[in-house]
Amino acid sequence: MWTIKRFPALWLLPALLPVALMTIYPVAHAFWTSLHSVMLLFPGEPFVGLDNYKRVVSSNYFQDTLRNSLVFTFLAAPLVVIIGTLIALFLQRRFFGSQVVRSIVLLPWVLPGAISAVLWIWVFHPSFGVLNGLLRDLNLIDSSIPWLTSPRLALISVVVAHVWTQIPFAVVLIMAALSGINSETLEAAAIDCRSAFKRFRYIIFPEIRAMIVVLVVYNALTAFTTYDLVYAMTGGGPGTATTLLSFQIWRESFSMYDFGSGSAVAFIVVAISAVLIVAITRALPSDLFAEE
Amino acid sequence: MQRGLNPFLTFLFASLIVLFTGGPVILSLVGSVVPDRILLDSSKALFSEGLNFETYRYVFTGQLPDSYLAESANRAMISDAARQVPQSLFNSSVIAFSSMVLNLLIGAPAAYVFARYVFPGKKLTFMFLILSPLVPAVALVTPVYIMLQTLGLVGTQAGIILVHTAKALPFTVLILSVFFRKMPAEIFEAAVLDHCSRFQTFWRIALPLALPSIGATGLFAFMLSYSEYMFSMVLSGDAATRPVSVVMAALARNTDVSWSLLNTAIFIAIVPTLVLVIFVWRFVVEGLLSGAVKG
């Protein structure tokens with residue numbers, strides 16, 4: 001690590017400027033909105049302080065949707081990273097057809113979100129669904145399982161669909177990180193350490209740790225802030241079983257036309273995601289955020 | 001390389017992976033060549049009437065499938081949006097490719113100095129980059145729209161490219177800096193001894209060594225832009241500039257549209273992207289597995 005005396009503007013500004021353009025004014029605008037009563041039907045935008053926040057936190061949906069979002073995030077983010085890592089470790093080997101499998105893994109990536117939702121509805125559909133059909137043909141079940149209409153199963157089903165959409169990215173990055181490991185280290189490990197699990201735990205994992213932290217952070221953030229796939233699959237139901245907190249941003253703003261409350265939900269989401277990110281980077285320290 | 005796994009276990013794992021990641025897409029391929037009335041009728045075998053390519057013909061030539069011309073057929077099952085798919089694929093490729101190139105062009109130098117140097121303002125700018133994607137996009141749609149309107153970029157591809165580039169950049173920089181940091185320091189020390197300037201070290205040594213990783217990161221930027229829906233919808237103009245995610249969402253949300261037409265559209269939309277992605281990924285994997293970075 002070398003030191004530069006001046007700020008390396010030529011290297012950094014091209015990247016910082018577009019991000020700043022798309023962040024500073026829009027975020028400031030959204031924050032201003034969250035402190036004012038901005039409704040389409042009422043002219044004038046009076047300052048109301050934290051009223052929007054109070055109304056959101058005390059609303060009848062807040063507790064349910066927050067719990068759903070947290071459960072969704074705590075299930076989805078680790079699952080994506082664990083399954084992604086397992087697939088990446090497996091695909092590192094060469095076997096007959098490995099090239100084909102490596103390509104098929106990328107399939108979920110090339111589908112726009114709205115389409116993934118349609119495909120997964122087809123898998124989980126109670127009467128026409130492929131999953132129920134398959135289970136029935138194998139004589140494992142007698143009657144159809146209501147994948148999307150029973151509250152608990154619906155949440156699990158949408159987690160499965162969400163994990164599916166995020167797997168390729170995790171596989172690509174973990175495979176890239178795995179390849180950065182010095183091959184001599186691996187050869188030495190193969191000689192010294194016969195247990196595959198120990199080899200992973202003590203030699204491979206420390207090498208890809210930084211990438212895993214990036215992936216966990218990215219996936220926690222994605223899981224906590226997206227709602228479109230889930231909403232397209234279940235419409236938030238049955239009841240409020242799969243209504244996510246981030247969906248309320250959209251509902252308050254573009255369905256109720258209460259932009260103040262919508263922005264207030266957004267900043268509550270920001271605060272919770274910030275806590276999540278700090279917690280993740282504390283729990284999984286890596287040299288990524290170090291200052292040396 | 002590890003010792004070989006039992007061939008049976010290998011086959012089992014490989015099948016599981018293929019079934020999970022590819023399964024829903026295979027369903028859509030089947031759905032695109034089987035008419036609805038057979039698909040939804042459990043008493044009929046799936047391929048009892050053979051394969052049916054009428055919906056493909058409709059998307060490319062506009063000739064209506066025979067089953068929809070029959071009397072009392074529900075005409076709402078056909079949607080014009082399906083015919084926009086080929087054009088929207090082209091639009092999406094332009095947008096996603098530009099966003100990818102911009103991301104790598106301005107993201108890689110930033111990632112390099114973040115990974116290899118200490119400088120005043122490093123912590124502040126790095127934190128800014130990492131924290132900028134925290135605010136959910138839904139809350140930013142309105143202000144971004146207002147801002148791009150004053151810049152005159154609403155309804156143009158440039159506006160969408162700008163938003164997508166800014167959306168992917170924090171992650172591109174983060175991912176690339178992980179790769180640059182993992183490179184052995186000796187290589188860079190040798191470069192300094194040989195009187196390489198900072199730019200030469202970056203251009204001649206770091207970049208070529210990181211090429212497979214840069215390919216992987218480029219794929220990420222490309223796919224992020226390709227599948228982004230909300231900003232694409234708000235900022236795109238008429239049918240001639242609409243990207244594929246917007247067209248596909250319009251089709252998917254129209255519950256009247258026939259399954260086979262929807263699946264046909266899905267399949268036509270997937271194939272060119274898949275070919276491109278696999279092509280890049282092959283190159284990345286080859287580079288990765290041959291061990292581009294040797295200690």
# chains A, B, ... in the order shown; residues from 1 in each chain; ligands from 1
call {"tool": "residues_around", "arguments": {"residues": "A:Ile121", "least_positions_apart": "4", "cutoff": "10 Å", "atoms": "only C-alpha atoms", "output": "ChimeraX atom specification"}}
result
/A:115-117,125-126,128-130,147-148,157-158,161,232-234 /B:24
call {"tool": "residues_around", "arguments": {"residues": "B:Val33", "least_positions_apart": "5", "cutoff": "8 Å", "atoms": "only C-alpha atoms", "output": "JSON, numbers by chain"}}
result
{"B": [51, 52, 53, 55, 260, 264]}
call {"tool": "write_last_selection", "arguments": {"atoms": "C-alpha atoms", "output": "PDB file, in the first residue's frame"}}
result
ATOM      1  CA  LEU B  51     -44.830 -28.873 -31.663  1.00  0.00           C
ATOM      2  CA  ASN B  52     -46.488 -25.624 -32.560  1.00  0.00           C
ATOM      3  CA  PHE B  53     -44.467 -22.647 -33.784  1.00  0.00           C
ATOM      4  CA  THR B  55     -46.629 -17.951 -31.803  1.00  0.00           C
ATOM      5  CA  SER B 260     -47.757 -19.831 -25.172  1.00  0.00           C
ATOM      6  CA  THR B 264     -42.553 -17.438 -26.821  1.00  0.00           C
TER       7      THR B 264
END
call {"tool": "closest_atom_pairs", "arguments": {"of": "stretch 16-128 of chain A", "to": "stretch 170-193 of chain B", "cutoff": "12 Å", "atoms": "only C-alpha atoms", "output": "tab-separated table"}}
result
residue	atom	partner	partner_atom	distance
A:Leu16	CA	B:Pro170	CA	8.9
A:Leu17	CA	B:Pro170	CA	11.6
A:Pro18	CA	B:Pro170	CA	10.4
A:Val19	CA	B:Pro170	CA	7.7
A:Ala20	CA	B:Pro170	CA	10.8
A:Met22	CA	B:Pro170	CA	11.7
A:Thr23	CA	B:Pro170	CA	11.3
call {"tool": "select_by_dssp", "arguments": {"residues": "stretch 76-192 of chain A", "states": "helix (DSSP H, G or I)", "output": "ChimeraX atom specification"}}
result
/A:76-91,98-104,107-110,113-124,130-137,151-179,183-192
call {"tool": "closest_residue", "arguments": {"among": "B:Ser98, B:Thr217, B:Thr273, B:Gln157", "to": "A:Phe169", "atoms": "only C-alpha atoms"}}
result
B:Thr217
call {"tool": "atom_distance", "arguments": {"atom1": "atom CA of B:Ser93", "atom2": "atom CA of A:Asn219"}}
result
25.3 Å
call {"tool": "closest_residue", "arguments": {"among": "A:Asn182, A:Ser37, A:Ser58, A:Thr281", "to": "chain B", "atoms": "only C-alpha atoms"}}
result
A:Asn182
call {"tool": "residues_around", "arguments": {"residues": "B:Leu274", "least_positions_apart": "2", "cutoff": "8 Å", "atoms": "only C-alpha atoms", "output": "PDB file with N, CA and C atoms, in the first residue's frame"}}
result
ATOM      1  N   LEU A 106     -26.226 -19.637 -15.328  1.00  0.00           N
ATOM      2  CA  LEU A 106     -26.444 -18.208 -15.577  1.00  0.00           C
ATOM      3  C   LEU A 106     -27.864 -17.889 -16.026  1.00  0.00           C
ATOM      4  N   LEU A 107     -28.653 -18.935 -16.327  1.00  0.00           N
ATOM      5  CA  LEU A 107     -29.993 -18.697 -16.882  1.00  0.00           C
ATOM      6  C   LEU A 107     -30.867 -17.719 -16.078  1.00  0.00           C
ATOM      7  N   VAL A 110     -30.596 -13.901 -16.997  1.00  0.00           N
ATOM      8  CA  VAL A 110     -30.990 -13.223 -18.232  1.00  0.00           C
ATOM      9  C   VAL A 110     -32.492 -12.986 -18.298  1.00  0.00           C
TER      10      VAL A 110
ATOM     11  N   ILE B 270     -34.709 -14.367 -24.198  1.00  0.00           N
ATOM     12  CA  ILE B 270     -33.584 -14.981 -23.485  1.00  0.00           C
ATOM     13  C   ILE B 270     -32.414 -15.302 -24.408  1.00  0.00           C
ATOM     14  N   VAL B 271     -32.721 -15.892 -25.572  1.00  0.00           N
ATOM     15  CA  VAL B 271     -31.668 -16.553 -26.337  1.00  0.00           C
ATOM     16  C   VAL B 271     -30.478 -15.659 -26.706  1.00  0.00           C
ATOM     17  N   PRO B 272     -30.712 -14.479 -27.325  1.00  0.00           N
ATOM     18  CA  PRO B 272     -29.527 -13.671 -27.693  1.00  0.00           C
ATOM     19  C   PRO B 272     -28.706 -13.258 -26.480  1.00  0.00           C
ATOM     20  N   LEU B 276     -24.734 -14.252 -25.615  1.00  0.00           N
ATOM     21  CA  LEU B 276     -23.719 -13.245 -25.303  1.00  0.00           C
ATOM     22  C   LEU B 276     -23.091 -13.498 -23.940  1.00  0.00           C
ATOM     23  N   VAL B 277     -23.945 -13.742 -22.941  1.00  0.00           N
ATOM     24  CA  VAL B 277     -23.451 -13.933 -21.581  1.00  0.00           C
ATOM     25  C   VAL B 277     -22.561 -15.166 -21.499  1.00  0.00           C
ATOM     26  N   ILE B 278     -22.993 -16.250 -22.156  1.00  0.00           N
ATOM     27  CA  ILE B 278     -22.192 -17.482 -22.114  1.00  0.00           C
ATOM     28  C   ILE B 278     -20.843 -17.267 -22.796  1.00  0.00           C
TER      29      ILE B 278
END
call {"tool": "atom_distance", "arguments": {"atom1": "atom CA of B:Ala249", "atom2": "atom CA of A:Phe62"}}
result
28.4 Å
call {"tool": "residues_around", "arguments": {"residues": "A:Gly84", "least_positions_apart": "4", "cutoff": "7 Å", "atoms": "only C-alpha atoms", "output": "PyMOL selection string"}}
result
chain A and resi 80+88+167+170-171
call {"tool": "closest_residue", "arguments": {"among": "B:Val25, B:Leu89, B:Ile161, B:Val30", "to": "chain A", "atoms": "only C-alpha atoms"}}
result
B:Val25
call {"tool": "residues_around", "arguments": {"residues": "A:Ile104", "least_positions_apart": "4", "cutoff": "12 Å", "atoms": "only C-alpha atoms", "output": "ChimeraX atom specification"}}
result
/A:87,91,97-100,108-110,167-168,171 /B:14-26,274-275,277-278,281-282
call {"tool": "write_last_selection", "arguments": {"atoms": "C-alpha atoms", "output": "CSV table (one decimal), in the first residue's frame"}}
result
chain,number,residue,atom,x,y,z
A,87,ILE,CA,-22.2,-24.3,-6.6
A,91,LEU,CA,-18.2,-26.0,-10.8
A,97,GLY,CA,-20.6,-31.6,-19.2
A,98,SER,CA,-19.1,-29.1,-16.8
A,99,GLN,CA,-19.1,-26.4,-19.5
A,100,VAL,CA,-22.9,-26.9,-20.0
A,108,PRO,CA,-31.9,-17.0,-14.0
A,109,TRP,CA,-29.8,-13.9,-14.7
A,110,VAL,CA,-31.0,-13.2,-18.2
A,167,ILE,CA,-27.7,-17.2,-7.5
A,168,PRO,CA,-25.8,-16.5,-10.8
A,171,VAL,CA,-21.6,-18.0,-8.4
B,14,ALA,CA,-24.8,-31.4,-11.5
B,15,SER,CA,-28.4,-32.6,-12.1
B,16,LEU,CA,-29.7,-30.8,-9.0
B,17,ILE,CA,-28.0,-27.6,-10.1
B,18,VAL,CA,-29.4,-27.8,-13.6
B,19,LEU,CA,-32.8,-28.7,-12.3
B,20,PHE,CA,-32.9,-25.7,-9.9
B,21,THR,CA,-31.4,-23.0,-12.1
B,22,GLY,CA,-32.6,-24.2,-15.5
B,23,GLY,CA,-36.0,-25.8,-14.5
B,24,PRO,CA,-38.3,-22.8,-14.8
B,25,VAL,CA,-36.7,-21.8,-18.1
B,26,ILE,CA,-37.2,-25.3,-19.5
B,274,LEU,CA,-27.8,-16.0,-23.1
B,275,VAL,CA,-25.5,-16.5,-26.1
B,277,VAL,CA,-23.5,-13.9,-21.6
B,278,ILE,CA,-22.2,-17.5,-22.1
B,281,TRP,CA,-18.5,-16.2,-19.2
B,282,ARG,CA,-16.6,-18.9,-21.2
call {"tool": "closest_residue", "arguments": {"among": "B:Phe11, B:Ile266, B:Leu105, B:Arg198", "to": "A:Phe90", "atoms": "only C-alpha atoms"}}
result
B:Phe11
call {"tool": "closest_residue", "arguments": {"among": "B:Phe119, B:Trp259, B:Phe199, B:Phe60", "to": "chain A", "atoms": "only C-alpha atoms"}}
result
B:Phe119
call {"tool": "residues_around", "arguments": {"residues": "A:Ala154", "least_positions_apart": "2", "cutoff": "10 Å", "atoms": "only C-alpha atoms", "output": "count of residues only"}}
result
21
call {"tool": "atom_distance", "arguments": {"atom1": "atom CA of B:Phe128", "atom2": "atom CA of A:Val214"}}
result
15.8 Å
call {"tool": "closest_residue", "arguments": {"among": "B:Thr156, B:Thr142, B:Gln200, B:Ser88", "to": "chain A", "atoms": "only C-alpha atoms"}}
result
B:Thr142
call {"tool": "decode", "arguments": {"residues": "stretch 7-46 of chain A", "atoms": "N, CA and C atoms", "output": "compact mmCIF listing (two decimals), in the first residue's frame"}}
result
# COMPACT_ATOMS: atom_id res chain seq x y z
N PHE A 7 -5.22 14.27 -3.34
CA PHE A 7 -6.38 13.46 -3.70
C PHE A 7 -6.30 13.12 -5.19
N PRO A 8 -6.32 11.82 -5.56
CA PRO A 8 -6.14 11.44 -6.97
C PRO A 8 -7.41 11.70 -7.79
N ALA A 9 -7.68 12.97 -8.04
CA ALA A 9 -8.96 13.36 -8.65
C ALA A 9 -9.16 12.74 -10.02
N LEU A 10 -8.07 12.71 -10.82
CA LEU A 10 -8.20 12.20 -12.18
C LEU A 10 -8.67 10.74 -12.19
N TRP A 11 -8.28 10.00 -11.17
CA TRP A 11 -8.63 8.58 -11.11
C TRP A 11 -10.04 8.38 -10.55
N LEU A 12 -10.42 9.26 -9.62
CA LEU A 12 -11.65 9.00 -8.88
C LEU A 12 -12.86 9.79 -9.38
N LEU A 13 -12.65 11.04 -9.79
CA LEU A 13 -13.81 11.88 -10.11
C LEU A 13 -14.72 11.31 -11.20
N PRO A 14 -14.15 10.69 -12.26
CA PRO A 14 -15.07 10.14 -13.26
C PRO A 14 -16.08 9.17 -12.65
N ALA A 15 -15.66 8.44 -11.62
CA ALA A 15 -16.59 7.50 -11.00
C ALA A 15 -17.47 8.18 -9.97
N LEU A 16 -16.89 9.16 -9.25
CA LEU A 16 -17.66 9.79 -8.18
C LEU A 16 -18.75 10.71 -8.71
N LEU A 17 -18.46 11.41 -9.82
CA LEU A 17 -19.42 12.42 -10.28
C LEU A 17 -20.77 11.85 -10.67
N PRO A 18 -20.82 10.80 -11.54
CA PRO A 18 -22.17 10.30 -11.87
C PRO A 18 -22.92 9.78 -10.65
N VAL A 19 -22.19 9.12 -9.73
CA VAL A 19 -22.87 8.62 -8.54
C VAL A 19 -23.39 9.79 -7.71
N ALA A 20 -22.57 10.84 -7.59
CA ALA A 20 -23.01 12.01 -6.82
C ALA A 20 -24.23 12.65 -7.47
N LEU A 21 -24.19 12.74 -8.81
CA LEU A 21 -25.31 13.35 -9.53
C LEU A 21 -26.61 12.59 -9.25
N MET A 22 -26.51 11.26 -9.24
CA MET A 22 -27.70 10.43 -9.07
C MET A 22 -28.04 10.21 -7.60
N THR A 23 -27.22 10.73 -6.70
CA THR A 23 -27.48 10.48 -5.28
C THR A 23 -27.85 11.75 -4.52
N ILE A 24 -26.99 12.77 -4.60
CA ILE A 24 -27.12 13.88 -3.66
C ILE A 24 -28.46 14.60 -3.80
N TYR A 25 -28.76 15.09 -5.01
CA TYR A 25 -30.02 15.81 -5.13
C TYR A 25 -31.24 14.91 -4.91
N PRO A 26 -31.31 13.71 -5.57
CA PRO A 26 -32.50 12.86 -5.33
C PRO A 26 -32.69 12.48 -3.87
N VAL A 27 -31.61 12.14 -3.16
CA VAL A 27 -31.76 11.75 -1.76
C VAL A 27 -32.20 12.95 -0.93
N ALA A 28 -31.59 14.12 -1.21
CA ALA A 28 -32.00 15.31 -0.47
C ALA A 28 -33.47 15.62 -0.72
N HIS A 29 -33.87 15.50 -1.97
CA HIS A 29 -35.27 15.75 -2.34
C HIS A 29 -36.20 14.78 -1.60
N ALA A 30 -35.82 13.49 -1.58
CA ALA A 30 -36.65 12.49 -0.90
C ALA A 30 -36.72 12.77 0.60
N PHE A 31 -35.59 13.20 1.16
CA PHE A 31 -35.58 13.49 2.60
C PHE A 31 -36.46 14.70 2.91
N TRP A 32 -36.36 15.72 2.06
CA TRP A 32 -37.21 16.90 2.23
C TRP A 32 -38.68 16.47 2.18
N THR A 33 -39.02 15.61 1.22
CA THR A 33 -40.39 15.14 1.07
C THR A 33 -40.87 14.43 2.34
N SER A 34 -39.95 13.67 2.95
CA SER A 34 -40.38 12.89 4.12
C SER A 34 -40.72 13.79 5.31
N LEU A 35 -40.25 15.03 5.29
CA LEU A 35 -40.52 15.95 6.40
C LEU A 35 -41.69 16.88 6.09
N HIS A 36 -42.28 16.74 4.89
CA HIS A 36 -43.39 17.60 4.51
C HIS A 36 -44.60 16.77 4.18
N SER A 37 -45.75 17.43 4.21
CA SER A 37 -46.96 16.73 3.81
C SER A 37 -47.15 16.94 2.32
N VAL A 38 -46.70 15.96 1.52
CA VAL A 38 -46.78 16.09 0.07
C VAL A 38 -47.83 15.11 -0.44
N MET A 39 -49.01 15.63 -0.73
CA MET A 39 -50.07 14.77 -1.26
C MET A 39 -50.58 15.36 -2.55
N LEU A 40 -50.86 14.48 -3.48
CA LEU A 40 -51.28 14.94 -4.79
C LEU A 40 -52.59 15.71 -4.73
N LEU A 41 -53.48 15.28 -3.83
CA LEU A 41 -54.83 15.85 -3.82
C LEU A 41 -54.90 17.17 -3.08
N PHE A 42 -53.89 17.46 -2.24
CA PHE A 42 -53.91 18.70 -1.47
C PHE A 42 -52.79 19.60 -1.91
N PRO A 43 -53.11 20.78 -2.43
CA PRO A 43 -52.05 21.71 -2.83
C PRO A 43 -51.32 22.24 -1.60
N GLY A 44 -50.13 22.76 -1.83
CA GLY A 44 -49.33 23.26 -0.71
C GLY A 44 -48.60 22.11 -0.06
N GLU A 45 -47.37 22.36 0.36
CA GLU A 45 -46.59 21.29 0.96
C GLU A 45 -46.05 21.74 2.30
N PRO A 46 -46.91 21.80 3.33
CA PRO A 46 -46.49 22.32 4.62
C PRO A 46 -45.50 21.41 5.32
